[in-house]
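To start, the structure itself, in structure tokens.
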Amino acid sequence: MITVVGWDGSELSAKAVTKLHEAGLVIGPDAILGRLKLNAATAGDGALLQTIDDHLEHGEGPAVVLAPGDPGFFGVVRELRAHGLKPDVLPATSLVGRAFAGARLHWDDALVVAPSGPEQLTRVVNACRAHPKVALLVAPGVGPAEIARELAPTTPRALIVCEDLGGPDERVTHSRMGEATTRPWKDPQVVLVIDPLHRPGERGWVAGAQPGPREWALTFGDDVMPPEVRAYVLAKLGPRLGDLVWDVGAGVGQIAVECARLGAAVVAVERDEARCAELRRNVLAHGVKVALTRGQAPPALEPLPDPDAVFVGGGGLDVIDACAVRRPRTLVCALRKVEQVPAVLDRLREQGYRGEGTQILASRLSVEPDGAHGLTPADPVFVVHARPAHTA
């Protein structure tokens with residue numbers, strides 16, 4: 001028999017106390033074991049599964065696993081079940097719930113991220129760029145200093161750092177990003193990353209990240225790129241939560257806005273002042289987050305964080321080079337002349353990408369004054385999409 005008991009610093013339930021008294025072995029973090037007066041043998045949780053296997057084979061009495069908060073929420077229950085065990089579970093308040101309570105905030109609209117290590121820092125940061133309220137369960141290499149360092153200065157956020165939740169040194173600190181990178185934190189557990197300019201909308205029906213948009217490939221006021229072409233471009237970009245997308249030569253932000261609506265973090269690069277102003281209006285109209293860099297590519301791309309996907313809507317072969325050397329998983333270009341396609345494909349091949357080209361010609365159904373129906377063809381657009389050759 002194995003029971004998992006959640007602990008949040010408050011008094012344990014009568015059932016949890018009984019389980020601990022009956023236990024032949026109690027396994028858990030040293031910080032929790034040290035705060036409880038236990039008669040059973042104890043063991044740290046550094047080699048949890050091996051310790052449990054040894055106890056089941058040679059030990060006596062039930063085993064109890066102590067875990068912080070709700071052990072079924074990014075906790076030990078998943079690990080045990082994957083090992084073929086089906087423990088009883090007595091949860092406590094989750095660390096995330098305690099963090100938001102300490103910050104005096106509601107959290108039904110919060111995105112919760114739980115990285116396993118520093119290799120997931122980039123995806124966590126992109127989620128913080130795209131979502132106005134994120135709870136980070138701290139992992140090695142992914143804490144308040146790393147998050148603040150990656151977000152600054154393009155994505156201003158307020159950080160609320162929660163340390164020793166439920167313990168004697170519990171502390172909830174509101175921190176500026178600059179302070180977060182230099183302050184010595186004592187074992188932070190949860191970091192709340194909040195957009196201070198965000199205003200909650202209507203109450204939703206699903207927690208965390210909201211469902212996808214009702215439709216995409218929208219019709220904009222100035223449809224430089226037909227929706228049919230945009231739908232194909234979005235399909236090849238594959239924007240998703242945790243991604244960073246560059247929209248280079250963004251124009252009025254058609255691709256940038258669509259990618260943001262699908263959950264990605266987006267940087268739009270545009271040199272024309274009037275188009276930048278229209279892009280901002282489109283971003284506000286659709287209630288999304290897009291970081292705008294006004295400038296000429298390629299130089300404007302140099303300070304940007306590495307992208308997962310890139311759309312190039314304007315610029316020459318030097319822009320293609322500058323994007324490809326940053327090694328996005330996919331790179332999509334829209335071209336107006338078929339004569340441009342071979343040069344772009346050749347340049348992508350030189351950069352280690354395997355590309356394909358598609359001509360898209362959409363004809364719109366029209367109704368004549370006499371009621372007859374006809375087709376009005378639009379100018380063709382040539383879309384080149386490419387992936388690194390070793391993954392294509």
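By convention in this document, the chains of the structure tokens carry letters A, B, ... by their order, each chain's residues are numbered from 1, and ligands are numbered from 1 in the order they are shown.
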Query raised in the report: Within 9 Å of Ala41 of chain A, counting only C-alpha atoms, which residues qualify if same-chain residues fewer than 3 places away don't, as a PyMOL selection string?
Result: chain A and resi 23-27+38
At most 12 Å is the cut-off: for each residue in segment 282-318 of chain A with any atom that close to an atom of segment 155-160 of chain A, write down the nearest atom pair and the distance in Å rounded to one decimal, counting only C-alpha atoms, chain first then increasing number, as a tab-separated table.
```
residue	atom	partner	partner_atom	distance
A:Lys289	CA	A:Thr155	CA	9.9
A:Val290	CA	A:Thr155	CA	9.9
A:Ala291	CA	A:Thr155	CA	7.8
A:Leu292	CA	A:Thr155	CA	10.8
A:Leu304	CA	A:Thr155	CA	11.8
A:Pro305	CA	A:Thr155	CA	11.7
```
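The smallest atom-to-atom distance between Tyr353 of chain A and any of A:Leu331, A:Ala110, A:Leu56, A:Val367, using only C-alpha atoms, is found for A:Leu331.
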Picked from segment 246-363 of chain A by DSSP as strand (DSSP E), as a compact mmCIF listing (two decimals) with all heavy atoms, in the first residue's frame:
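To be explicit, this is the file written out as part.txt:
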```txt
# COMPACT_ATOMS: atom_id res chain seq x y z
N TRP A 246 8.92 35.37 -35.94
CA TRP A 246 9.28 36.65 -36.55
C TRP A 246 8.39 36.88 -37.77
O TRP A 246 8.25 35.99 -38.61
CB TRP A 246 10.71 36.65 -37.04
CG TRP A 246 11.78 36.72 -36.00
CD1 TRP A 246 11.63 36.82 -34.65
CD2 TRP A 246 13.19 36.73 -36.26
NE1 TRP A 246 12.86 36.86 -34.06
CE2 TRP A 246 13.83 36.81 -35.01
CE3 TRP A 246 13.96 36.66 -37.42
CZ2 TRP A 246 15.22 36.82 -34.89
CZ3 TRP A 246 15.34 36.68 -37.31
CH2 TRP A 246 15.97 36.76 -36.06
N ASP A 247 7.84 38.08 -37.88
CA ASP A 247 7.15 38.52 -39.10
C ASP A 247 7.98 39.66 -39.66
O ASP A 247 7.92 40.79 -39.16
CB ASP A 247 5.73 38.96 -38.76
CG ASP A 247 4.93 39.38 -39.99
OD1 ASP A 247 5.46 39.28 -41.12
OD2 ASP A 247 3.77 39.81 -39.83
N VAL A 248 8.78 39.37 -40.66
CA VAL A 248 9.76 40.32 -41.20
C VAL A 248 9.18 40.97 -42.45
O VAL A 248 8.79 40.28 -43.40
CB VAL A 248 11.09 39.62 -41.53
CG1 VAL A 248 12.12 40.63 -42.02
CG2 VAL A 248 11.62 38.87 -40.31
N ALA A 265 4.27 33.81 -29.26
CA ALA A 265 4.87 35.12 -29.07
C ALA A 265 5.36 35.61 -30.43
O ALA A 265 5.87 34.81 -31.23
CB ALA A 265 6.03 35.04 -28.09
N VAL A 266 5.19 36.89 -30.70
CA VAL A 266 5.45 37.41 -32.05
C VAL A 266 6.26 38.69 -31.98
O VAL A 266 5.99 39.57 -31.16
CB VAL A 266 4.13 37.68 -32.80
CG1 VAL A 266 4.43 38.13 -34.23
CG2 VAL A 266 3.24 36.44 -32.82
N VAL A 267 7.25 38.78 -32.86
CA VAL A 267 7.96 40.04 -33.10
C VAL A 267 7.71 40.42 -34.55
O VAL A 267 7.99 39.65 -35.47
CB VAL A 267 9.47 39.90 -32.86
CG1 VAL A 267 10.17 41.22 -33.20
CG2 VAL A 267 9.76 39.53 -31.41
N ALA A 268 7.17 41.62 -34.76
CA ALA A 268 6.94 42.14 -36.10
C ALA A 268 8.01 43.17 -36.42
O ALA A 268 8.28 44.06 -35.61
CB ALA A 268 5.55 42.77 -36.20
N VAL A 269 8.61 43.05 -37.59
CA VAL A 269 9.66 43.98 -38.02
C VAL A 269 9.17 44.72 -39.26
O VAL A 269 8.85 44.09 -40.28
CB VAL A 269 10.97 43.22 -38.34
CG1 VAL A 269 12.05 44.20 -38.78
CG2 VAL A 269 11.43 42.42 -37.13
N GLU A 270 9.09 46.02 -39.16
CA GLU A 270 8.57 46.83 -40.26
C GLU A 270 9.28 48.19 -40.25
O GLU A 270 9.45 48.80 -39.19
CB GLU A 270 7.06 47.01 -40.13
CG GLU A 270 6.41 47.93 -41.14
CD GLU A 270 6.69 47.53 -42.58
OE1 GLU A 270 6.48 46.34 -42.92
OE2 GLU A 270 7.13 48.40 -43.36
N ALA A 291 5.22 42.30 -30.28
CA ALA A 291 6.33 43.24 -30.09
C ALA A 291 6.72 43.80 -31.45
O ALA A 291 7.01 43.04 -32.37
CB ALA A 291 7.51 42.53 -29.44
N LEU A 292 6.71 45.11 -31.57
CA LEU A 292 7.00 45.77 -32.85
C LEU A 292 8.41 46.34 -32.83
O LEU A 292 8.78 47.10 -31.93
CB LEU A 292 5.98 46.87 -33.11
CG LEU A 292 6.23 47.74 -34.35
CD1 LEU A 292 6.26 46.91 -35.62
CD2 LEU A 292 5.17 48.84 -34.44
N THR A 293 9.19 45.97 -33.82
CA THR A 293 10.51 46.54 -34.03
C THR A 293 10.48 47.35 -35.32
O THR A 293 10.32 46.77 -36.40
CB THR A 293 11.59 45.44 -34.13
OG1 THR A 293 11.68 44.76 -32.88
CG2 THR A 293 12.94 46.04 -34.48
N ARG A 294 10.59 48.64 -35.20
CA ARG A 294 10.59 49.47 -36.40
C ARG A 294 12.03 49.62 -36.90
O ARG A 294 12.90 50.10 -36.16
CB ARG A 294 9.99 50.85 -36.13
CG ARG A 294 9.86 51.66 -37.41
CD ARG A 294 9.39 53.07 -37.17
NE ARG A 294 9.57 53.85 -38.38
CZ ARG A 294 9.65 55.17 -38.41
NH1 ARG A 294 9.57 55.86 -37.29
NH2 ARG A 294 9.81 55.80 -39.56
N ALA A 309 9.96 30.14 -35.79
CA ALA A 309 9.42 30.19 -37.14
C ALA A 309 9.55 31.62 -37.65
O ALA A 309 9.46 32.58 -36.87
CB ALA A 309 7.96 29.76 -37.16
N VAL A 310 9.76 31.76 -38.96
CA VAL A 310 9.96 33.08 -39.56
C VAL A 310 9.10 33.19 -40.81
O VAL A 310 9.08 32.28 -41.65
CB VAL A 310 11.43 33.31 -39.94
CG1 VAL A 310 11.59 34.63 -40.70
CG2 VAL A 310 12.31 33.31 -38.70
N PHE A 311 8.40 34.33 -40.92
CA PHE A 311 7.73 34.68 -42.17
C PHE A 311 8.41 35.91 -42.73
O PHE A 311 8.57 36.92 -42.03
CB PHE A 311 6.25 34.96 -41.96
CG PHE A 311 5.59 35.49 -43.22
CD1 PHE A 311 5.40 34.65 -44.31
CD2 PHE A 311 5.19 36.81 -43.30
CE1 PHE A 311 4.82 35.14 -45.48
CE2 PHE A 311 4.60 37.30 -44.46
CZ PHE A 311 4.42 36.45 -45.55
N VAL A 312 8.83 35.83 -43.99
CA VAL A 312 9.46 36.96 -44.67
C VAL A 312 8.48 37.47 -45.72
O VAL A 312 8.24 36.81 -46.72
CB VAL A 312 10.80 36.56 -45.32
CG1 VAL A 312 11.40 37.76 -46.05
CG2 VAL A 312 11.77 36.05 -44.26
N THR A 330 11.18 26.45 -39.20
CA THR A 330 10.53 26.64 -40.49
C THR A 330 10.67 28.10 -40.91
O THR A 330 10.66 29.00 -40.07
CB THR A 330 9.04 26.24 -40.42
OG1 THR A 330 8.44 26.33 -41.72
CG2 THR A 330 8.27 27.12 -39.47
N LEU A 331 10.82 28.31 -42.22
CA LEU A 331 10.98 29.65 -42.78
C LEU A 331 10.09 29.73 -44.01
O LEU A 331 10.18 28.90 -44.92
CB LEU A 331 12.45 29.87 -43.15
CG LEU A 331 12.94 31.30 -43.34
CD1 LEU A 331 14.45 31.38 -43.16
CD2 LEU A 331 12.54 31.86 -44.70
N VAL A 332 9.21 30.73 -44.03
CA VAL A 332 8.22 30.87 -45.10
C VAL A 332 8.36 32.25 -45.73
O VAL A 332 8.48 33.26 -45.02
CB VAL A 332 6.79 30.69 -44.55
CG1 VAL A 332 5.77 30.76 -45.69
CG2 VAL A 332 6.65 29.36 -43.80
N CYS A 333 8.36 32.30 -47.05
CA CYS A 333 8.48 33.56 -47.79
C CYS A 333 7.31 33.68 -48.75
O CYS A 333 6.90 32.70 -49.38
CB CYS A 333 9.77 33.61 -48.61
SG CYS A 333 11.26 33.20 -47.72
N ALA A 334 6.80 34.88 -48.90
CA ALA A 334 5.78 35.18 -49.90
C ALA A 334 6.40 36.05 -50.98
O ALA A 334 6.99 37.10 -50.68
CB ALA A 334 4.59 35.88 -49.26
N LEU A 335 6.28 35.63 -52.22
CA LEU A 335 6.91 36.32 -53.36
C LEU A 335 5.84 36.68 -54.39
O LEU A 335 4.89 35.92 -54.60
CB LEU A 335 7.97 35.43 -54.00
CG LEU A 335 9.03 34.87 -53.04
CD1 LEU A 335 9.88 33.82 -53.73
CD2 LEU A 335 9.89 35.99 -52.49
N TYR A 353 18.88 24.57 -45.80
CA TYR A 353 17.43 24.34 -45.74
C TYR A 353 16.97 23.65 -47.02
O TYR A 353 17.53 23.86 -48.10
CB TYR A 353 16.68 25.67 -45.58
CG TYR A 353 16.65 26.16 -44.15
CD1 TYR A 353 17.76 26.73 -43.57
CD2 TYR A 353 15.49 26.04 -43.38
CE1 TYR A 353 17.75 27.18 -42.26
CE2 TYR A 353 15.46 26.49 -42.07
CZ TYR A 353 16.59 27.05 -41.51
OH TYR A 353 16.56 27.49 -40.22
N ARG A 354 15.93 22.87 -46.87
CA ARG A 354 15.28 22.25 -48.02
C ARG A 354 13.94 22.94 -48.24
O ARG A 354 13.06 22.89 -47.38
CB ARG A 354 15.08 20.75 -47.78
CG ARG A 354 14.39 20.04 -48.96
CD ARG A 354 14.22 18.57 -48.67
NE ARG A 354 15.51 17.91 -48.48
CZ ARG A 354 15.64 16.65 -48.09
NH1 ARG A 354 14.57 15.93 -47.80
NH2 ARG A 354 16.85 16.12 -47.95
N GLY A 355 13.79 23.59 -49.40
CA GLY A 355 12.60 24.39 -49.64
C GLY A 355 11.71 23.84 -50.74
O GLY A 355 12.15 23.08 -51.61
N GLU A 356 10.47 24.24 -50.69
CA GLU A 356 9.49 23.91 -51.72
C GLU A 356 8.71 25.17 -52.05
O GLU A 356 8.54 26.05 -51.20
CB GLU A 356 8.52 22.82 -51.25
CG GLU A 356 9.18 21.50 -50.92
CD GLU A 356 8.18 20.47 -50.41
OE1 GLU A 356 6.97 20.81 -50.37
OE2 GLU A 356 8.60 19.37 -50.05
N GLY A 357 8.21 25.26 -53.27
CA GLY A 357 7.43 26.42 -53.69
C GLY A 357 6.05 26.05 -54.15
O GLY A 357 5.82 24.98 -54.72
N THR A 358 5.09 26.92 -53.87
CA THR A 358 3.70 26.70 -54.26
C THR A 358 3.12 28.00 -54.80
O THR A 358 3.30 29.07 -54.19
CB THR A 358 2.85 26.24 -53.05
OG1 THR A 358 3.42 25.06 -52.50
CG2 THR A 358 1.41 25.98 -53.47
N GLN A 359 2.45 27.93 -55.93
CA GLN A 359 1.71 29.09 -56.43
C GLN A 359 0.27 29.00 -55.95
O GLN A 359 -0.38 27.97 -56.09
CB GLN A 359 1.73 29.13 -57.95
CG GLN A 359 0.87 30.26 -58.53
CD GLN A 359 0.80 30.24 -60.04
OE1 GLN A 359 1.83 30.29 -60.70
NE2 GLN A 359 -0.40 30.14 -60.59
N ILE A 360 -0.21 30.11 -55.38
CA ILE A 360 -1.60 30.15 -54.90
C ILE A 360 -2.34 31.24 -55.66
O ILE A 360 -1.95 32.41 -55.64
CB ILE A 360 -1.65 30.42 -53.39
CG1 ILE A 360 -0.88 29.32 -52.64
CG2 ILE A 360 -3.09 30.48 -52.90
CD1 ILE A 360 -0.82 29.54 -51.15
N SER A 363 -9.58 32.69 -56.65
CA SER A 363 -10.60 33.40 -57.42
C SER A 363 -11.83 33.60 -56.54
O SER A 363 -12.36 32.64 -55.98
CB SER A 363 -10.97 32.61 -58.67
OG SER A 363 -9.86 32.48 -59.54
```
Requested in this report: May I have the residues within 12 Å of Arg203 of chain A as a ChimeraX atom specification, using only C-alpha atoms and disregarding those fewer than 2 positions away in the same chain?
Outcome: /A:106-109,199-201,205-208,210
